[in-house]
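Peer 1: Contents of final_23.csv (CSV, C-alpha atoms (C1' of nucleotides)) are below:
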```
chain,number,residue,atom,x,y,z
A,1208,MET,CA,71.9,-5.3,-177.2
A,1209,LYS,CA,72.4,-4.1,-180.7
A,1210,GLU,CA,73.1,-0.6,-179.4
A,1211,GLU,CA,75.9,-1.9,-177.2
A,1212,VAL,CA,77.6,-3.5,-180.2
A,1213,LEU,CA,77.2,-0.4,-182.2
A,1214,ASP,CA,78.9,1.5,-179.4
A,1215,ALA,CA,81.7,-1.0,-179.4
A,1216,PHE,CA,82.1,-0.3,-183.1
A,1217,LYS,CA,82.1,3.4,-182.6
A,1218,THR,CA,84.7,3.1,-179.8
A,1219,ALA,CA,86.9,1.0,-182.0
A,1220,LEU,CA,86.7,3.5,-184.8
A,1221,ARG,CA,87.6,6.4,-182.5
A,1222,ARG,CA,90.5,4.4,-181.0
A,1223,GLU,CA,92.0,4.2,-184.5
A,1224,ASN,CA,91.3,7.7,-185.6
A,1225,LEU,CA,88.7,6.5,-188.1
A,1226,LYS,CA,85.6,8.4,-188.7
A,1227,LEU,CA,82.0,7.3,-188.1
A,1228,THR,CA,80.3,8.0,-191.4
A,1229,PRO,CA,76.7,7.3,-192.2
A,1230,GLN,CA,77.8,4.7,-194.7
A,1231,ARG,CA,79.8,2.8,-192.0
A,1232,GLU,CA,76.8,3.0,-189.6
A,1233,LYS,CA,74.4,1.7,-192.2
A,1234,ILE,CA,76.7,-1.1,-193.2
A,1235,PHE,CA,77.1,-2.1,-189.6
A,1236,SER,CA,73.4,-2.0,-188.8
A,1237,ALA,CA,72.6,-4.0,-191.9
A,1238,ILE,CA,75.1,-6.6,-190.9
A,1239,ALA,CA,74.2,-6.8,-187.2
A,1240,ASP,CA,70.7,-7.4,-188.5
A,1241,THR,CA,71.6,-10.3,-190.7
A,1242,ASN,CA,72.3,-13.8,-189.6
A,1243,GLN,CA,73.7,-16.5,-191.7
A,1244,HIS,CA,76.4,-16.3,-194.3
A,1245,TRP,CA,75.8,-13.5,-196.7
A,1246,GLU,CA,77.9,-12.2,-199.6
A,1247,VAL,CA,78.6,-8.7,-200.7
A,1248,ASP,CA,76.0,-8.6,-203.3
A,1249,ASP,CA,73.3,-9.5,-200.7
A,1250,LEU,CA,74.3,-6.3,-198.9
A,1251,MET,CA,74.3,-4.3,-202.1
A,1252,PHE,CA,70.9,-5.5,-203.1
A,1253,ARG,CA,69.6,-4.7,-199.6
A,1254,PHE,CA,70.8,-1.2,-199.8
A,1255,ARG,CA,69.4,-0.7,-203.2
A,1256,GLU,CA,66.0,-1.9,-202.0
A,1257,GLU,CA,66.0,0.7,-199.3
A,1258,ASN,CA,67.1,3.3,-201.9
A,1259,ASP,CA,70.4,3.7,-200.2
A,1260,ARG,CA,73.4,3.8,-202.5
A,1261,ILE,CA,76.7,2.8,-201.0
A,1262,SER,CA,79.5,2.1,-203.3
A,1263,ARG,CA,81.1,-1.3,-203.7
A,1264,ALA,CA,84.4,0.1,-202.7
A,1265,THR,CA,83.1,1.5,-199.5
A,1266,ILE,CA,81.4,-1.8,-198.6
A,1267,TYR,CA,84.6,-3.8,-199.2
A,1268,ARG,CA,86.6,-1.2,-197.2
A,1269,THR,CA,84.2,-1.3,-194.3
A,1270,LEU,CA,84.1,-5.0,-194.3
A,1271,ASP,CA,87.8,-5.1,-194.0
A,1272,ILE,CA,87.7,-2.9,-190.9
A,1273,LEU,CA,84.9,-5.0,-189.4
A,1274,VAL,CA,86.9,-8.2,-190.0
A,1275,ASP,CA,90.0,-6.6,-188.5
A,1276,TYR,CA,88.1,-5.6,-185.4
A,1277,GLY,CA,86.5,-9.0,-185.0
A,1278,PHE,CA,82.9,-8.0,-185.6
A,1279,VAL,CA,82.7,-10.0,-188.8
A,1280,ARG,CA,84.3,-13.1,-190.0
A,1281,LYS,CA,85.1,-13.8,-193.6
A,1282,VAL,CA,84.5,-17.3,-194.8
A,1283,ASP,CA,85.2,-19.1,-198.0
A,1284,PHE,CA,83.2,-22.0,-199.2
A,1285,GLY,CA,85.0,-22.3,-202.5
A,1286,GLU,CA,82.4,-20.5,-204.5
A,1287,GLY,CA,84.9,-18.1,-206.0
A,1288,ARG,CA,83.7,-15.3,-203.8
A,1289,SER,CA,83.7,-14.6,-200.1
A,1290,ARG,CA,80.9,-14.8,-197.6
A,1291,TYR,CA,80.8,-13.0,-194.3
A,1292,GLU,CA,79.2,-13.8,-191.0
A,1293,TYR,CA,78.4,-11.6,-188.1
A,1294,VAL,CA,80.2,-12.5,-184.9
A,1295,ARG,CA,77.8,-11.9,-182.2
A,1296,GLY,CA,79.0,-13.0,-178.8
A,1297,LYS,CA,79.1,-16.3,-180.7
A,1298,ARG,CA,81.7,-18.8,-179.8
A,1299,TYR,CA,83.8,-20.3,-182.4
A,1300,HIS,CA,82.1,-22.7,-184.7
A,1301,ASP,CA,82.6,-24.7,-187.8
A,1302,HIS,CA,80.5,-25.3,-190.9
A,1303,MET,CA,78.7,-28.0,-192.8
A,1304,ILE,CA,77.8,-27.1,-196.4
A,1305,CYS,CA,75.2,-29.0,-198.3
A,1306,GLU,CA,76.4,-29.5,-201.8
A,1307,GLU,CA,72.8,-29.9,-203.0
A,1308,CYS,CA,70.9,-27.0,-201.6
A,1309,GLY,CA,73.8,-24.8,-200.6
A,1310,GLU,CA,72.6,-24.4,-197.1
A,1311,VAL,CA,75.3,-23.8,-194.4
A,1312,PHE,CA,75.0,-25.3,-191.0
A,1313,GLU,CA,77.0,-24.3,-188.0
A,1314,PHE,CA,78.3,-26.7,-185.5
A,1315,MET,CA,80.6,-26.5,-182.6
A,1316,ASP,CA,82.6,-29.1,-180.8
A,1317,GLU,CA,85.1,-28.2,-178.2
A,1318,ASN,CA,86.9,-31.5,-178.4
A,1319,LEU,CA,87.4,-31.3,-182.1
A,1320,ARG,CA,89.1,-28.0,-181.5
A,1321,LYS,CA,91.2,-29.4,-178.7
A,1322,HIS,CA,92.2,-32.3,-180.8
A,1323,GLN,CA,93.6,-29.9,-183.4
A,1324,ASP,CA,95.5,-28.0,-180.9
A,1325,ARG,CA,97.1,-31.1,-179.6
A,1326,ILE,CA,98.2,-32.0,-183.1
A,1327,CYS,CA,99.7,-28.5,-183.5
A,1328,ASP,CA,101.5,-28.9,-180.2
A,1329,ILE,CA,103.1,-32.1,-181.3
A,1330,VAL,CA,104.5,-30.7,-184.5
A,1331,GLY,CA,105.4,-27.3,-183.0
A,1332,PHE,CA,102.9,-25.3,-185.1
A,1333,GLN,CA,101.4,-22.2,-183.5
A,1334,PRO,CA,97.8,-22.0,-184.7
A,1335,SER,CA,95.9,-18.8,-185.1
A,1336,LYS,CA,93.0,-19.8,-187.2
A,1337,HIS,CA,91.2,-23.1,-187.7
A,1338,VAL,CA,89.0,-23.8,-190.7
A,1339,VAL,CA,86.9,-26.9,-190.6
A,1340,GLN,CA,84.4,-27.4,-193.4
A,1341,ILE,CA,82.4,-30.5,-194.1
A,1342,TYR,CA,80.8,-30.8,-197.5
A,1343,GLY,CA,78.1,-33.3,-198.2
A,1344,LEU,CA,74.3,-33.8,-198.1
A,1345,CYS,CA,72.1,-32.3,-195.4
A,1346,SER,CA,69.4,-34.6,-194.1
A,1347,LYS,CA,66.6,-33.0,-196.1
A,1348,CYS,CA,68.5,-33.4,-199.4
A,1349,GLN,CA,69.4,-37.0,-198.5
A,1350,GLN,CA,65.7,-37.8,-198.3
A,1351,GLU,CA,65.0,-36.1,-201.6
A,1352,VAL,CA,67.8,-38.0,-203.3
A,1353,ALA,CA,66.5,-41.2,-201.9
A,1354,LEU,CA,63.0,-40.4,-203.2
A,1355,GLU,CA,64.4,-39.6,-206.6
A,1356,GLU,CA,66.2,-42.9,-206.8
A,1357,LYS,CA,63.0,-44.8,-205.8
A,1358,LYS,CA,61.2,-43.1,-208.7
A,1359,ASN,CA,63.8,-44.1,-211.2
A,1360,GLU,CA,63.6,-47.7,-210.1
A,1361,VAL,CA,59.9,-48.0,-211.1
B,1272,MET,CA,105.5,-46.8,-210.6
B,1273,LYS,CA,104.8,-43.6,-212.6
B,1274,GLU,CA,104.1,-45.7,-215.7
B,1275,GLU,CA,101.3,-47.6,-213.8
B,1276,VAL,CA,99.6,-44.4,-212.9
B,1277,LEU,CA,99.9,-43.0,-216.4
B,1278,ASP,CA,98.3,-46.2,-217.6
B,1279,ALA,CA,95.5,-45.7,-215.1
B,1280,PHE,CA,95.0,-42.3,-216.6
B,1281,LYS,CA,94.9,-43.7,-220.1
B,1282,THR,CA,92.4,-46.3,-219.1
B,1283,ALA,CA,90.2,-43.7,-217.4
B,1284,LEU,CA,90.3,-41.6,-220.5
B,1285,ARG,CA,89.3,-44.5,-222.8
B,1286,ARG,CA,86.5,-45.5,-220.5
B,1287,GLU,CA,85.0,-42.0,-221.0
B,1288,ASN,CA,85.7,-41.8,-224.7
B,1289,LEU,CA,88.2,-39.1,-224.2
B,1290,LYS,CA,91.3,-38.9,-226.2
B,1291,LEU,CA,94.9,-39.2,-225.2
B,1292,THR,CA,96.5,-36.1,-226.6
B,1293,PRO,CA,100.1,-35.1,-226.3
B,1294,GLN,CA,99.0,-32.1,-224.2
B,1295,ARG,CA,97.2,-34.3,-221.7
B,1296,GLU,CA,100.1,-36.6,-221.5
B,1297,LYS,CA,102.5,-33.8,-220.8
B,1298,ILE,CA,100.3,-32.2,-218.2
B,1299,PHE,CA,99.9,-35.5,-216.5
B,1300,SER,CA,103.7,-36.2,-216.4
B,1301,ALA,CA,104.4,-32.7,-215.2
B,1302,ILE,CA,102.0,-33.2,-212.4
B,1303,ALA,CA,103.0,-36.7,-211.4
B,1304,ASP,CA,106.5,-35.3,-211.1
B,1305,THR,CA,105.6,-32.5,-208.8
B,1306,ASN,CA,105.0,-32.7,-205.2
B,1307,GLN,CA,103.6,-30.1,-203.0
B,1308,HIS,CA,100.9,-27.6,-203.7
B,1309,TRP,CA,101.4,-25.9,-207.0
B,1310,GLU,CA,99.2,-23.5,-208.9
B,1311,VAL,CA,98.3,-23.2,-212.5
B,1312,ASP,CA,101.0,-20.6,-213.2
B,1313,ASP,CA,103.7,-22.9,-211.9
B,1314,LEU,CA,102.7,-25.4,-214.5
B,1315,MET,CA,102.5,-22.8,-217.2
B,1316,PHE,CA,106.0,-21.5,-216.3
B,1317,ARG,CA,107.4,-25.0,-216.3
B,1318,PHE,CA,106.0,-25.7,-219.8
B,1319,ARG,CA,107.4,-22.5,-221.1
B,1320,GLU,CA,110.8,-23.3,-219.7
B,1321,GLU,CA,110.8,-26.5,-221.7
B,1322,ASN,CA,109.6,-24.7,-224.7
B,1323,ASP,CA,106.3,-26.4,-224.7
B,1324,ARG,CA,103.3,-24.2,-225.2
B,1325,ILE,CA,100.0,-25.5,-223.8
B,1326,SER,CA,97.2,-23.1,-223.6
B,1327,ARG,CA,95.7,-22.0,-220.3
B,1328,ALA,CA,92.4,-23.3,-221.4
B,1329,THR,CA,93.7,-26.8,-222.0
B,1330,ILE,CA,95.5,-26.8,-218.7
B,1331,TYR,CA,92.4,-25.9,-216.8
B,1332,ARG,CA,90.3,-28.4,-218.8
B,1333,THR,CA,92.8,-31.2,-218.1
B,1334,LEU,CA,93.0,-30.4,-214.5
B,1335,ASP,CA,89.2,-30.6,-214.2
B,1336,ILE,CA,89.4,-34.1,-215.7
B,1337,LEU,CA,92.2,-35.1,-213.3
B,1338,VAL,CA,90.3,-33.8,-210.4
B,1339,ASP,CA,87.2,-35.7,-211.5
B,1340,TYR,CA,89.2,-38.9,-211.8
B,1341,GLY,CA,90.8,-38.5,-208.4
B,1342,PHE,CA,94.4,-38.1,-209.7
B,1343,VAL,CA,94.6,-34.6,-208.5
B,1344,ARG,CA,93.0,-32.7,-205.6
B,1345,LYS,CA,92.1,-29.0,-205.8
B,1346,VAL,CA,92.8,-27.0,-202.6
B,1347,ASP,CA,92.0,-23.5,-201.7
B,1348,PHE,CA,94.1,-21.7,-199.1
B,1349,GLY,CA,92.2,-18.4,-199.5
B,1350,GLU,CA,94.7,-16.8,-201.8
B,1351,GLY,CA,92.2,-16.0,-204.5
B,1352,ARG,CA,93.3,-18.7,-206.7
B,1353,SER,CA,93.4,-22.5,-206.6
B,1354,ARG,CA,96.2,-24.8,-205.8
B,1355,TYR,CA,96.4,-28.5,-206.8
B,1356,GLU,CA,98.1,-31.5,-205.3
B,1357,TYR,CA,98.9,-34.8,-206.9
B,1358,VAL,CA,97.2,-37.7,-205.1
B,1359,ARG,CA,99.7,-40.5,-205.2
B,1360,GLY,CA,98.5,-43.5,-203.3
B,1361,LYS,CA,98.5,-40.9,-200.6
B,1362,ARG,CA,95.9,-41.3,-197.9
B,1363,TYR,CA,93.7,-38.4,-197.0
B,1364,HIS,CA,95.4,-35.6,-195.2
B,1365,ASP,CA,94.9,-32.1,-193.9
B,1366,HIS,CA,97.0,-28.9,-194.1
B,1367,MET,CA,98.7,-26.4,-191.9
B,1368,ILE,CA,99.6,-23.2,-193.6
B,1369,CYS,CA,102.2,-20.8,-192.3
B,1370,GLU,CA,101.0,-17.3,-192.6
B,1371,GLU,CA,104.5,-16.0,-192.5
B,1372,CYS,CA,106.4,-18.0,-195.1
B,1373,GLY,CA,103.5,-19.5,-196.9
B,1374,GLU,CA,104.7,-23.0,-196.5
B,1375,VAL,CA,102.1,-25.8,-196.4
B,1376,PHE,CA,102.5,-28.8,-194.2
B,1377,GLU,CA,100.5,-31.9,-194.5
B,1378,PHE,CA,99.3,-33.9,-191.5
B,1379,MET,CA,97.0,-36.8,-191.1
B,1380,ASP,CA,95.1,-37.9,-188.1
B,1381,GLU,CA,92.7,-40.8,-188.3
B,1382,ASN,CA,91.0,-39.8,-185.1
B,1383,LEU,CA,90.3,-36.3,-186.1
B,1384,ARG,CA,88.6,-37.7,-189.2
B,1385,LYS,CA,86.5,-40.1,-187.1
B,1386,HIS,CA,85.6,-37.4,-184.7
B,1387,GLN,CA,84.1,-35.4,-187.6
B,1388,ASP,CA,82.2,-38.3,-188.9
B,1389,ARG,CA,80.7,-38.9,-185.5
B,1390,ILE,CA,79.5,-35.3,-185.4
B,1391,CYS,CA,77.9,-35.8,-188.8
B,1392,ASP,CA,76.3,-38.9,-187.7
B,1393,ILE,CA,74.7,-37.1,-184.8
B,1394,VAL,CA,73.1,-34.3,-186.9
B,1395,GLY,CA,72.3,-36.6,-189.8
B,1396,PHE,CA,74.7,-35.0,-192.3
B,1397,GLN,CA,76.2,-37.2,-195.0
B,1398,PRO,CA,79.8,-36.0,-195.5
B,1399,SER,CA,81.5,-36.4,-198.8
B,1400,LYS,CA,84.5,-34.0,-198.3
B,1401,HIS,CA,86.3,-32.7,-195.3
B,1402,VAL,CA,88.4,-29.6,-195.3
B,1403,VAL,CA,90.6,-29.0,-192.3
B,1404,GLN,CA,93.1,-26.1,-192.5
B,1405,ILE,CA,95.1,-24.7,-189.6
B,1406,TYR,CA,96.6,-21.3,-190.2
B,1407,GLY,CA,99.4,-20.0,-188.0
B,1408,LEU,CA,103.2,-19.9,-187.6
B,1409,CYS,CA,105.4,-22.8,-188.4
B,1410,SER,CA,108.2,-23.6,-185.9
B,1411,LYS,CA,110.9,-21.9,-188.0
B,1412,CYS,CA,108.9,-18.7,-188.3
B,1413,GLN,CA,108.1,-18.7,-184.6
B,1414,GLN,CA,111.8,-18.6,-183.9
B,1415,GLU,CA,112.4,-15.8,-186.3
B,1416,VAL,CA,109.6,-13.8,-184.8
B,1417,ALA,CA,111.0,-14.4,-181.3
B,1418,LEU,CA,114.4,-13.2,-182.5
B,1419,GLU,CA,113.0,-10.1,-184.0
B,1420,GLU,CA,111.2,-9.3,-180.7
B,1421,LYS,CA,114.4,-9.7,-178.8
B,1422,LYS,CA,116.2,-7.3,-181.1
B,1423,ASN,CA,113.5,-4.7,-180.6
B,1424,GLU,CA,113.8,-4.9,-176.8
B,1425,VAL,CA,117.5,-3.9,-176.9
C,1118,DA,C1',92.2,-43.5,-246.2
C,1119,DT,C1',88.1,-41.6,-244.3
C,1120,DT,C1',85.3,-39.7,-240.9
C,1121,DC,C1',83.8,-37.3,-237.0
C,1122,DA,C1',83.4,-36.6,-232.2
C,1123,DG,C1',86.5,-34.8,-229.3
C,1124,DT,C1',90.3,-31.4,-228.6
C,1125,DT,C1',93.1,-27.4,-229.0
C,1126,DG,C1',94.6,-22.4,-228.8
C,1127,DA,C1',94.0,-17.5,-229.2
C,1128,DG,C1',91.6,-14.2,-227.6
C,1129,DA,C1',87.3,-12.4,-225.8
C,1130,DT,C1',84.6,-12.5,-221.7
C,1131,DT,C1',83.1,-12.9,-216.9
C,1132,DG,C1',83.0,-11.7,-212.2
C,1133,DA,C1',85.1,-10.7,-207.7
C,1134,DA,C1',87.9,-7.6,-205.7
C,1135,DT,C1',91.0,-3.7,-205.6
C,1136,DC,C1',92.8,0.7,-207.0
C,1137,DT,C1',92.7,5.7,-208.5
C,1138,DC,C1',91.7,10.1,-207.9
C,1139,DA,C1',88.8,14.1,-207.8
C,1140,DT,C1',85.4,15.5,-204.6
C,1141,DT,C1',83.3,15.5,-200.1
C,1142,DT,C1',83.1,15.2,-195.1
C,1143,DA,C1',83.8,14.1,-190.0
C,1144,DG,C1',85.2,16.1,-186.2
C,1145,DG,C1',89.0,18.5,-183.7
C,1146,DT,C1',90.6,23.4,-182.9
C,1147,DG,C1',90.7,28.4,-182.2
D,639,DC,C1',80.5,29.0,-185.4
D,640,DA,C1',83.7,28.8,-189.2
D,641,DC,C1',87.9,26.7,-190.4
D,642,DC,C1',91.0,23.1,-191.5
D,643,DT,C1',92.8,18.8,-192.6
D,644,DA,C1',93.2,14.0,-192.6
D,645,DA,C1',90.2,10.6,-193.6
D,646,DA,C1',86.4,8.8,-196.5
D,647,DT,C1',83.5,8.3,-200.5
D,648,DG,C1',82.0,7.1,-205.3
D,649,DA,C1',82.4,6.2,-210.2
D,650,DG,C1',84.8,4.0,-213.1
D,651,DA,C1',89.1,1.9,-214.4
D,652,DT,C1',91.9,-2.0,-213.5
D,653,DT,C1',93.6,-6.4,-212.1
D,654,DC,C1',93.6,-11.2,-212.0
D,655,DA,C1',91.9,-16.0,-212.0
D,656,DA,C1',89.0,-18.6,-214.5
D,657,DT,C1',85.8,-19.7,-218.1
D,658,DC,C1',83.8,-19.4,-222.7
D,659,DT,C1',83.8,-19.1,-227.9
D,660,DC,C1',84.7,-20.8,-232.1
D,661,DA,C1',87.4,-21.9,-236.1
D,662,DA,C1',90.9,-25.1,-237.1
D,663,DC,C1',92.9,-29.5,-235.9
D,664,DT,C1',93.5,-34.5,-234.6
D,665,DG,C1',93.1,-39.2,-232.3
D,666,DA,C1',91.4,-43.3,-233.1
D,667,DA,C1',87.7,-46.4,-234.7
D,668,DT,C1',86.1,-48.4,-239.1
```
What does the file become when written as structure tokens?
Peer 2:
Amino acid sequence: MKEEVLDAFKTALRRENLKLTPQREKIFSAIADTNQHWEVDDLMFRFREENDRISRATIYRTLDILVDYGFVRKVDFGEGRSRYEYVRGKRYHDHMICEECGEVFEFMDENLRKHQDRICDIVGFQPSKHVVQIYGLCSKCQQEVALEEKKNEV
Amino acid sequence: MKEEVLDAFKTALRRENLKLTPQREKIFSAIADTNQHWEVDDLMFRFREENDRISRATIYRTLDILVDYGFVRKVDFGEGRSRYEYVRGKRYHDHMICEECGEVFEFMDENLRKHQDRICDIVGFQPSKHVVQIYGLCSKCQQEVALEEKKNEV
DNA sequence: ATTCAGTTGAGATTGAATCTCATTTAGGTG
DNA sequence: CACCTAAATGAGATTCAATCTCAACTGAAT
């Protein structure tokens, strides 16, 4: 499974006359191994842990390639830096972000997407990328907030 | 109309024991006078044109206040810096961003919003802020792209 | 007029991301 | 296999938005 994707990466590189370097391979594996929405420093830290040293510049450059080729998606939750997510065969999805604990939840709704496309149709806009982010409180944090309030009442 | 809003700002300041300074008043007027989605440097430039000098720090600090009080909304179109928009009596709306010319179009769709709330309901997420951004080509740029392609065919 | 918490501005600082450039390397060719 | 060159890497400098620091200033309550 993972091997196949790695091969797809190699093929893509070759197609563009780019070279398969150990750094690129390591970065790719690390990413394909991660789920969720990591940021560049998470990667850096991980490499350091394994006593690999790959420079910041190389990581950024490789990520750009991976984004271009569609292996990785760059997401921005307004934190002042970018996060990335690995695009498995994963279908398109959107995000809910808990403002309390920072956790990111993925959700997907076909109709929501269609609804947006319909709106674009009406105004003659040709969409290429949709961003839907819902910020708020996840159910766990809602409970904690409720508890906190109860405590304060006493 | 504008006076009323300025009064609302003054009242809000007083309520929080904040002072009404000339800088804050100028910033507020400049903003209430602007439509569309400006960034901090636009403001800076405008003040300089009028031979007013208000420091960057003060502008950022005042914007924070205005965002807190709901007079201004901070938006992020992934350009690596923030934009702001003045919230008139304006209802909530979303954005389409043309990747060619950079223009930002507002649109509003009650049902789209309701649809999102329904999804939140189902998974038990309590939404406080929705971000919907559609990136793509505006109708004008679509035509230009089409023209360009025709030219290349010949 | 006095007082002081709140405010301002200049410049330093932070932090993400990009750029520079000398050195190294992947991988195609003879 | 050795050679060659375009592509890639890494260290550190640079950029740019945004925030912080702190001494000097000021709105507004008394």
Peer 1: Identify, on the basis of only C-alpha atoms (C1' of nucleotides), every residue whose closest approach to DC1121 of chain C does not exceed 12 Å; exclude the query and any residue fewer than 4 positions from it along the same chain; express the result as a ChimeraX atom specification.
Peer 2: /D:664-668
Peer 1: Give me a file of those residues, with C-alpha atoms (C1' of nucleotides), as a compact mmCIF listing (two decimals), keeping the file's coordinate frame.
Peer 2:
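Result saved to again_17.txt:
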```txt
# COMPACT_ATOMS: atom_id res chain seq x y z
C1' DT D 664 93.50 -34.50 -234.60
C1' DG D 665 93.10 -39.20 -232.30
C1' DA D 666 91.40 -43.30 -233.10
C1' DA D 667 87.70 -46.40 -234.70
C1' DT D 668 86.10 -48.40 -239.10
```
Peer 1: Between atom CA of Lys1226 of chain A and atom C1' of DG1145 of chain C, what is the distance, to one decimal in Å?
Peer 2: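 Calculated distance between atom CA of Lys1226 of chain A and atom C1' of DG1145 of chain C is 11.8 Å.
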Peer 1: Taking 6 positions as the minimum chain separation for residues in the same chain, which residues sit within 10 Å of DC654 of chain D when counting only C-alpha atoms (C1' of nucleotides)? Answer as number ranges by chain.
Peer 2: B: 1351-1352; C: 1133-1134
Peer 1: Identify which of the residues A:Glu1351, A:Glu1246, A:Asp1240, A:Glu1210 lies closest to chain C, counting only C-alpha atoms (C1' of nucleotides) when measuring atom-to-atom distances.
Peer 2: A:Glu1246
Peer 1: Once you count only C-alpha atoms (C1' of nucleotides), which residues of chain C turn out to be within 12 Å of chain A? Could you give them as a ChimeraX atom specification?
Peer 2: /C:1132-1137,1141-1145
Peer 1: With all atoms listed in the file considered, list every residue of chain A at most 8 Å from chain B, as a list in words.
Peer 2: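 The answer, sorted by residue number, is Asp1283, Gly1285, Gly1287, Leu1319, His1322, Gln1323, Gly1331, Phe1332, Gln1333, Pro1334, Ser1335, Lys1336, His1337, Val1338, Val1339, Gln1340, Ile1341, Tyr1342, Gly1343, Leu1344, Cys1345, Ser1346 and Gln1349 of chain A.
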Peer 1: When you draw a straight line from atom CA of Arg1285 of chain B to atom CA of Arg1344 of chain B, how long is it in Å?
Peer 2: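 Atom CA of Arg1344 of chain B lies at a distance of 21.2 Å from atom CA of Arg1285 of chain B.
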Peer 1: Mind listing as a VMD selection string which residues of chain D are within 9 Å of chain A, counting only C-alpha atoms (C1' of nucleotides)?
Peer 2: chain D and resid 645 to 649
Peer 1: Which value, in Å to one decimal, gives the distance between atom CA of Lys1385 of chain B and atom CA of Tyr1363 of chain B?
Peer 2: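 Separating atom CA of Lys1385 of chain B from atom CA of Tyr1363 of chain B is a distance of 12.4 Å.
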Peer 1: Got a sec: who's within 12 Å of DA640 of chain D, counting all atoms listed in the file, leaving out chain neighbours fewer than 2 positions off, as number ranges by chain?
Peer 2: C: 1146-1147; D: 642
Peer 1: Given the point (76.9, -2.7, -187.8) in the coordinates of this file, which residues lie within 9 Å, counting only C-alpha atoms (C1' of nucleotides), and how would they look as a list in words?
Peer 2: Lys1209, Val1212, Leu1213, Phe1216, Arg1231, Glu1232, Lys1233, Ile1234, Phe1235, Ser1236, Ala1237, Ile1238, Ala1239, Asp1240, Leu1273 and Phe1278 of chain A
